[in-house]
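Below: data_1.cif (mmCIF, N, CA and C atoms)
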data_input
loop_
_atom_site.label_atom_id
_atom_site.label_comp_id
_atom_site.auth_asym_id
_atom_site.auth_seq_id
_atom_site.Cartn_x
_atom_site.Cartn_y
_atom_site.Cartn_z
N MET A 1 0.85 -1.17 0.00
CA MET A 1 0.00 0.00 0.00
C MET A 1 0.90 1.24 0.00
N SER A 2 0.61 2.17 -0.89
CA SER A 2 1.43 3.37 -0.98
C SER A 2 1.16 4.31 0.19
N LYS A 3 2.07 5.25 0.37
CA LYS A 3 1.93 6.23 1.45
C LYS A 3 0.66 7.05 1.25
N GLU A 4 0.35 7.37 0.00
CA GLU A 4 -0.86 8.14 -0.30
C GLU A 4 -2.12 7.35 0.05
N ASP A 5 -2.13 6.05 -0.27
CA ASP A 5 -3.26 5.20 0.08
C ASP A 5 -3.46 5.15 1.58
N GLN A 6 -2.35 5.06 2.33
CA GLN A 6 -2.44 5.00 3.78
C GLN A 6 -2.99 6.30 4.35
N GLN A 7 -2.60 7.44 3.77
CA GLN A 7 -3.08 8.72 4.25
C GLN A 7 -4.56 8.92 3.95
N ASN A 8 -5.04 8.34 2.85
CA ASN A 8 -6.44 8.49 2.47
C ASN A 8 -7.36 7.50 3.16
N LYS A 9 -6.77 6.55 3.85
CA LYS A 9 -7.56 5.55 4.56
C LYS A 9 -8.23 6.19 5.77
N PRO A 10 -9.50 5.87 6.01
CA PRO A 10 -10.14 6.44 7.19
C PRO A 10 -9.50 5.85 8.46
N PRO A 11 -9.48 6.62 9.56
CA PRO A 11 -8.89 6.09 10.79
C PRO A 11 -9.70 4.91 11.31
N VAL A 12 -9.00 4.00 11.95
CA VAL A 12 -9.66 2.84 12.54
C VAL A 12 -10.36 3.28 13.81
N THR A 13 -11.61 2.91 13.95
CA THR A 13 -12.36 3.26 15.16
C THR A 13 -12.79 1.99 15.87
N VAL A 14 -12.90 2.11 17.15
CA VAL A 14 -13.35 0.99 17.96
C VAL A 14 -14.79 1.26 18.33
N GLN A 15 -15.66 0.31 18.03
CA GLN A 15 -17.06 0.51 18.30
C GLN A 15 -17.57 -0.56 19.25
N GLY A 16 -18.76 -0.32 19.74
CA GLY A 16 -19.42 -1.31 20.57
C GLY A 16 -18.76 -1.47 21.93
N SER A 17 -18.80 -2.68 22.43
CA SER A 17 -18.33 -2.94 23.78
C SER A 17 -16.82 -2.79 23.94
N LEU A 18 -16.05 -2.82 22.86
CA LEU A 18 -14.60 -2.69 22.97
C LEU A 18 -14.19 -1.32 23.50
N THR A 19 -15.00 -0.30 23.26
CA THR A 19 -14.65 1.03 23.74
C THR A 19 -14.58 1.06 25.26
N ARG A 20 -15.23 0.14 25.91
CA ARG A 20 -15.21 0.08 27.38
C ARG A 20 -13.81 -0.24 27.90
N PHE A 21 -12.93 -0.80 27.05
CA PHE A 21 -11.59 -1.19 27.48
C PHE A 21 -10.52 -0.17 27.12
N LEU A 22 -10.91 0.92 26.47
CA LEU A 22 -9.97 1.99 26.16
C LEU A 22 -9.64 2.77 27.43
N PRO A 23 -8.57 3.56 27.42
CA PRO A 23 -8.13 4.26 28.64
C PRO A 23 -9.23 5.02 29.39
N ASP A 24 -10.13 5.69 28.70
CA ASP A 24 -11.18 6.43 29.40
C ASP A 24 -12.46 5.62 29.56
N GLY A 25 -12.45 4.37 29.12
CA GLY A 25 -13.65 3.54 29.21
C GLY A 25 -13.86 2.95 30.59
N GLU A 26 -15.02 2.38 30.77
CA GLU A 26 -15.41 1.78 32.05
C GLU A 26 -14.39 0.75 32.55
N PHE A 27 -13.81 -0.03 31.64
CA PHE A 27 -12.86 -1.07 32.02
C PHE A 27 -11.44 -0.77 31.55
N GLY A 28 -11.18 0.47 31.22
CA GLY A 28 -9.85 0.87 30.78
C GLY A 28 -8.86 0.86 31.93
N ALA A 29 -7.60 0.95 31.57
CA ALA A 29 -6.54 0.98 32.58
C ALA A 29 -6.73 2.18 33.50
N ILE A 30 -6.47 1.96 34.77
CA ILE A 30 -6.57 3.02 35.77
C ILE A 30 -5.15 3.32 36.24
N GLU A 31 -4.68 4.49 35.90
CA GLU A 31 -3.31 4.89 36.22
C GLU A 31 -3.17 5.37 37.67
N ASP A 32 -4.21 5.99 38.20
CA ASP A 32 -4.17 6.55 39.54
C ASP A 32 -4.38 5.45 40.58
N PRO A 33 -3.38 5.18 41.43
CA PRO A 33 -3.52 4.11 42.43
C PRO A 33 -4.69 4.32 43.38
N LEU A 34 -4.99 5.54 43.73
CA LEU A 34 -6.11 5.82 44.63
C LEU A 34 -7.44 5.46 43.96
N GLU A 35 -7.58 5.87 42.70
CA GLU A 35 -8.81 5.54 41.97
C GLU A 35 -8.94 4.02 41.82
N TYR A 36 -7.83 3.36 41.54
CA TYR A 36 -7.83 1.90 41.41
C TYR A 36 -8.34 1.26 42.70
N GLU A 37 -7.79 1.67 43.83
CA GLU A 37 -8.21 1.11 45.13
C GLU A 37 -9.67 1.39 45.42
N GLN A 38 -10.13 2.60 45.10
CA GLN A 38 -11.53 2.95 45.33
C GLN A 38 -12.46 2.08 44.49
N ARG A 39 -12.11 1.91 43.23
CA ARG A 39 -12.96 1.10 42.36
C ARG A 39 -12.91 -0.37 42.76
N MET A 40 -11.75 -0.85 43.17
CA MET A 40 -11.66 -2.25 43.61
C MET A 40 -12.46 -2.48 44.89
N SER A 41 -12.38 -1.58 45.84
CA SER A 41 -13.09 -1.76 47.11
C SER A 41 -14.59 -1.63 46.94
N ALA A 42 -15.05 -1.01 45.85
CA ALA A 42 -16.48 -0.88 45.59
C ALA A 42 -17.09 -2.16 45.01
N LEU A 43 -16.24 -3.07 44.57
CA LEU A 43 -16.74 -4.32 43.98
C LEU A 43 -17.18 -5.30 45.06
N PRO A 44 -18.15 -6.15 44.73
CA PRO A 44 -18.49 -7.25 45.64
C PRO A 44 -17.27 -8.17 45.79
N PRO A 45 -17.14 -8.88 46.92
CA PRO A 45 -15.93 -9.67 47.18
C PRO A 45 -15.50 -10.61 46.05
N ALA A 46 -16.40 -11.35 45.46
CA ALA A 46 -16.01 -12.31 44.41
C ALA A 46 -15.51 -11.57 43.17
N ARG A 47 -16.17 -10.49 42.80
CA ARG A 47 -15.73 -9.72 41.63
C ARG A 47 -14.40 -9.04 41.92
N ARG A 48 -14.22 -8.58 43.16
CA ARG A 48 -12.95 -7.95 43.54
C ARG A 48 -11.82 -8.96 43.44
N GLU A 49 -12.05 -10.16 43.93
CA GLU A 49 -11.02 -11.20 43.88
C GLU A 49 -10.65 -11.51 42.43
N PHE A 50 -11.66 -11.63 41.56
CA PHE A 50 -11.38 -11.89 40.15
C PHE A 50 -10.64 -10.70 39.53
N ALA A 51 -11.06 -9.49 39.86
CA ALA A 51 -10.42 -8.29 39.31
C ALA A 51 -8.96 -8.20 39.76
N GLU A 52 -8.69 -8.55 41.00
CA GLU A 52 -7.30 -8.53 41.49
C GLU A 52 -6.44 -9.55 40.76
N GLU A 53 -6.98 -10.75 40.59
CA GLU A 53 -6.24 -11.78 39.86
C GLU A 53 -6.09 -11.39 38.39
N GLY A 54 -7.15 -10.79 37.82
CA GLY A 54 -7.08 -10.33 36.44
C GLY A 54 -6.04 -9.24 36.24
N THR A 55 -5.93 -8.35 37.23
CA THR A 55 -4.92 -7.30 37.18
C THR A 55 -3.52 -7.91 37.24
N HIS A 56 -3.37 -8.90 38.11
CA HIS A 56 -2.07 -9.58 38.21
C HIS A 56 -1.73 -10.26 36.88
N PHE A 57 -2.72 -10.91 36.27
CA PHE A 57 -2.50 -11.55 34.97
C PHE A 57 -2.12 -10.51 33.92
N ALA A 58 -2.81 -9.37 33.92
CA ALA A 58 -2.50 -8.31 32.94
C ALA A 58 -1.06 -7.83 33.09
N HIS A 59 -0.60 -7.69 34.33
CA HIS A 59 0.79 -7.27 34.55
C HIS A 59 1.78 -8.32 34.05
N LEU A 60 1.46 -9.59 34.31
CA LEU A 60 2.33 -10.66 33.82
C LEU A 60 2.35 -10.68 32.30
N TRP A 61 1.19 -10.55 31.69
CA TRP A 61 1.09 -10.56 30.23
C TRP A 61 1.87 -9.38 29.65
N GLN A 62 1.78 -8.22 30.29
CA GLN A 62 2.53 -7.06 29.85
C GLN A 62 4.04 -7.33 29.93
N TYR A 63 4.47 -7.99 31.01
CA TYR A 63 5.88 -8.33 31.16
C TYR A 63 6.33 -9.24 30.01
N PHE A 64 5.53 -10.27 29.73
CA PHE A 64 5.84 -11.18 28.63
C PHE A 64 5.96 -10.40 27.32
N SER A 65 5.00 -9.52 27.08
CA SER A 65 4.99 -8.74 25.85
C SER A 65 6.23 -7.85 25.75
N GLU A 66 6.56 -7.16 26.83
CA GLU A 66 7.72 -6.26 26.81
C GLU A 66 9.02 -7.01 26.57
N HIS A 67 9.07 -8.27 26.99
CA HIS A 67 10.28 -9.08 26.81
C HIS A 67 10.18 -10.01 25.61
N ARG A 68 9.18 -9.73 24.77
CA ARG A 68 8.97 -10.50 23.54
C ARG A 68 8.91 -12.00 23.79
N MET A 69 8.19 -12.35 24.84
CA MET A 69 7.99 -13.75 25.19
C MET A 69 6.54 -14.11 24.91
N GLN A 70 6.31 -15.29 24.38
CA GLN A 70 4.95 -15.75 24.15
C GLN A 70 4.43 -16.43 25.41
N LEU A 71 3.14 -16.22 25.66
CA LEU A 71 2.51 -16.97 26.74
C LEU A 71 2.49 -18.44 26.34
N PRO A 72 2.75 -19.34 27.28
CA PRO A 72 2.67 -20.77 26.96
C PRO A 72 1.27 -21.13 26.44
N ARG A 73 1.24 -22.01 25.47
CA ARG A 73 -0.02 -22.39 24.81
C ARG A 73 -1.09 -22.84 25.80
N HIS A 74 -0.72 -23.65 26.79
CA HIS A 74 -1.72 -24.16 27.73
C HIS A 74 -2.32 -23.01 28.56
N ILE A 75 -1.57 -21.96 28.77
CA ILE A 75 -2.07 -20.79 29.49
C ILE A 75 -3.11 -20.06 28.63
N VAL A 76 -2.78 -19.86 27.37
CA VAL A 76 -3.70 -19.20 26.45
C VAL A 76 -5.01 -19.98 26.38
N GLU A 77 -4.91 -21.30 26.31
CA GLU A 77 -6.11 -22.13 26.24
C GLU A 77 -6.96 -21.99 27.50
N GLN A 78 -6.32 -21.95 28.66
CA GLN A 78 -7.06 -21.81 29.91
C GLN A 78 -7.76 -20.45 29.98
N ILE A 79 -7.06 -19.40 29.58
CA ILE A 79 -7.64 -18.06 29.61
C ILE A 79 -8.81 -17.97 28.64
N SER A 80 -8.68 -18.59 27.47
CA SER A 80 -9.75 -18.52 26.48
C SER A 80 -11.01 -19.26 26.93
N GLU A 81 -10.88 -20.15 27.89
CA GLU A 81 -12.03 -20.91 28.39
C GLU A 81 -12.68 -20.27 29.62
N LEU A 82 -12.13 -19.19 30.13
CA LEU A 82 -12.65 -18.58 31.36
C LEU A 82 -14.14 -18.26 31.31
N SER A 83 -14.59 -17.73 30.18
CA SER A 83 -15.99 -17.30 30.09
C SER A 83 -16.98 -18.45 30.23
N LYS A 84 -16.51 -19.67 30.06
CA LYS A 84 -17.39 -20.84 30.15
C LYS A 84 -17.49 -21.38 31.57
N LEU A 85 -16.72 -20.80 32.49
CA LEU A 85 -16.66 -21.31 33.85
C LEU A 85 -17.53 -20.50 34.79
N SER A 86 -17.86 -21.10 35.92
CA SER A 86 -18.58 -20.37 36.96
C SER A 86 -17.63 -19.33 37.56
N ALA A 87 -18.18 -18.39 38.30
CA ALA A 87 -17.36 -17.33 38.91
C ALA A 87 -16.27 -17.91 39.80
N ALA A 88 -16.61 -18.89 40.62
CA ALA A 88 -15.62 -19.50 41.52
C ALA A 88 -14.53 -20.22 40.72
N GLU A 89 -14.93 -20.92 39.65
CA GLU A 89 -13.94 -21.61 38.81
C GLU A 89 -13.06 -20.62 38.07
N GLN A 90 -13.62 -19.48 37.66
CA GLN A 90 -12.83 -18.45 36.99
C GLN A 90 -11.72 -17.94 37.90
N ILE A 91 -12.08 -17.66 39.15
CA ILE A 91 -11.10 -17.16 40.12
C ILE A 91 -10.00 -18.20 40.35
N ALA A 92 -10.41 -19.44 40.57
CA ALA A 92 -9.44 -20.51 40.81
C ALA A 92 -8.53 -20.71 39.60
N THR A 93 -9.11 -20.65 38.41
CA THR A 93 -8.33 -20.86 37.18
C THR A 93 -7.33 -19.74 36.96
N ILE A 94 -7.77 -18.50 37.08
CA ILE A 94 -6.85 -17.40 36.82
C ILE A 94 -5.77 -17.34 37.90
N ARG A 95 -6.10 -17.75 39.11
CA ARG A 95 -5.08 -17.81 40.17
C ARG A 95 -4.03 -18.87 39.82
N ARG A 96 -4.48 -20.04 39.35
CA ARG A 96 -3.54 -21.10 38.93
C ARG A 96 -2.69 -20.64 37.74
N VAL A 97 -3.31 -19.93 36.81
CA VAL A 97 -2.59 -19.41 35.65
C VAL A 97 -1.50 -18.45 36.11
N ASN A 98 -1.84 -17.54 37.01
CA ASN A 98 -0.85 -16.58 37.51
C ASN A 98 0.30 -17.29 38.20
N GLN A 99 -0.02 -18.29 39.00
CA GLN A 99 1.04 -19.05 39.68
C GLN A 99 1.91 -19.79 38.67
N ALA A 100 1.28 -20.36 37.64
CA ALA A 100 2.04 -21.09 36.62
C ALA A 100 2.95 -20.13 35.85
N LEU A 101 2.46 -18.93 35.56
CA LEU A 101 3.29 -17.96 34.85
C LEU A 101 4.46 -17.50 35.70
N MET A 102 4.23 -17.30 36.98
CA MET A 102 5.33 -16.91 37.87
C MET A 102 6.36 -18.03 37.95
N GLN A 103 5.91 -19.27 38.04
CA GLN A 103 6.83 -20.39 38.08
C GLN A 103 7.60 -20.50 36.76
N TYR A 104 6.90 -20.30 35.65
CA TYR A 104 7.54 -20.33 34.34
C TYR A 104 8.64 -19.27 34.26
N LEU A 105 8.34 -18.05 34.69
CA LEU A 105 9.34 -16.98 34.67
C LEU A 105 10.52 -17.32 35.57
N ASN A 106 10.24 -17.90 36.72
CA ASN A 106 11.30 -18.30 37.63
C ASN A 106 12.19 -19.37 36.98
N ASP A 107 11.56 -20.36 36.35
CA ASP A 107 12.31 -21.43 35.69
C ASP A 107 13.15 -20.89 34.54
N VAL A 108 12.58 -19.99 33.74
CA VAL A 108 13.30 -19.42 32.61
C VAL A 108 14.50 -18.60 33.14
N SER A 109 14.28 -17.85 34.20
CA SER A 109 15.36 -17.03 34.76
C SER A 109 16.49 -17.90 35.28
N GLU A 110 16.16 -19.01 35.91
CA GLU A 110 17.20 -19.91 36.43
C GLU A 110 17.98 -20.56 35.30
N ASP A 111 17.26 -20.95 34.23
CA ASP A 111 17.92 -21.60 33.10
C ASP A 111 18.82 -20.63 32.34
N SER A 112 18.43 -19.36 32.30
CA SER A 112 19.21 -18.40 31.53
C SER A 112 20.39 -17.84 32.30
N GLY A 113 20.43 -18.10 33.59
CA GLY A 113 21.52 -17.58 34.39
C GLY A 113 21.33 -16.13 34.79
N VAL A 114 20.15 -15.58 34.48
CA VAL A 114 19.88 -14.18 34.81
C VAL A 114 19.75 -14.01 36.32
N ARG A 115 18.96 -14.88 36.94
CA ARG A 115 18.72 -14.77 38.37
C ARG A 115 19.70 -15.67 39.10
N GLN A 116 20.27 -15.18 40.14
CA GLN A 116 21.26 -15.96 40.90
C GLN A 116 20.72 -16.33 42.27
#

In structure tokens, what does this structure look like?
Amino acid sequence: MSKEDQQNKPPVTVQGSLTRFLPDGEFGAIEDPLEYEQRMSALPPARREFAEEGTHFAHLWQYFSEHRMQLPRHIVEQISELSKLSAAEQIATIRRVNQALMQYLNDVSEDSGVRQ
């Protein structure tokens, strides 16, 4: 595609429910720690627990991305199945995923000689 074609292309817009995940959206990233704590404490206990684990997963995923590491396939499969589980199973699954990712990072660090 030529530079002119790219300039004439309309900008990509996000519509529907995806806009809720943009920075100013309902589920967008919260940069202010105080606002994050307020919003987390306003959630019912089960949703708060899932949100905390989800936040931990997001941080791990960001770390993987920044270091150009792929998430292990079995982790991706487990995350993709979350919506099919009950709330309690979702929390347990994402907690296991987070623990598995931390163990994976620990194992990789030991094998690479980075961590002593």

Polymer residues at most 8 Å from Met40 of chain A, all atoms listed in the file, same-chain spacing of 6 or more positions, as a PyMOL selection string: chain A and resi 34+47-49+51-52

Might you pull out every residue within 12 Å of Leu71 of chain A, with only C-alpha atoms counted and same-chain residues fewer than 6 positions away left off, and present them as a ChimeraX atom specification? /A:57-58,60-65,77-79,97-98,100-102,104-105

Would you compute the distance between atom C of Gln99 of chain A and atom CA of Ser86 of chain A? Give it in Å to one decimal. 20.6 Å

What is the distance between atom C of Ile94 of chain A and atom N of His56 of chain A, in Å to one decimal?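 Going from atom C of Ile94 of chain A over to atom N of His56 of chain A, I get 8.8 Å.
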
So how many Å separate atom CA of Glu53 of chain A and atom CA of Ala92 of chain A, to one decimal?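 One can read the atom CA of Glu53 of chain A to atom CA of Ala92 of chain A distance as 9.3 Å.
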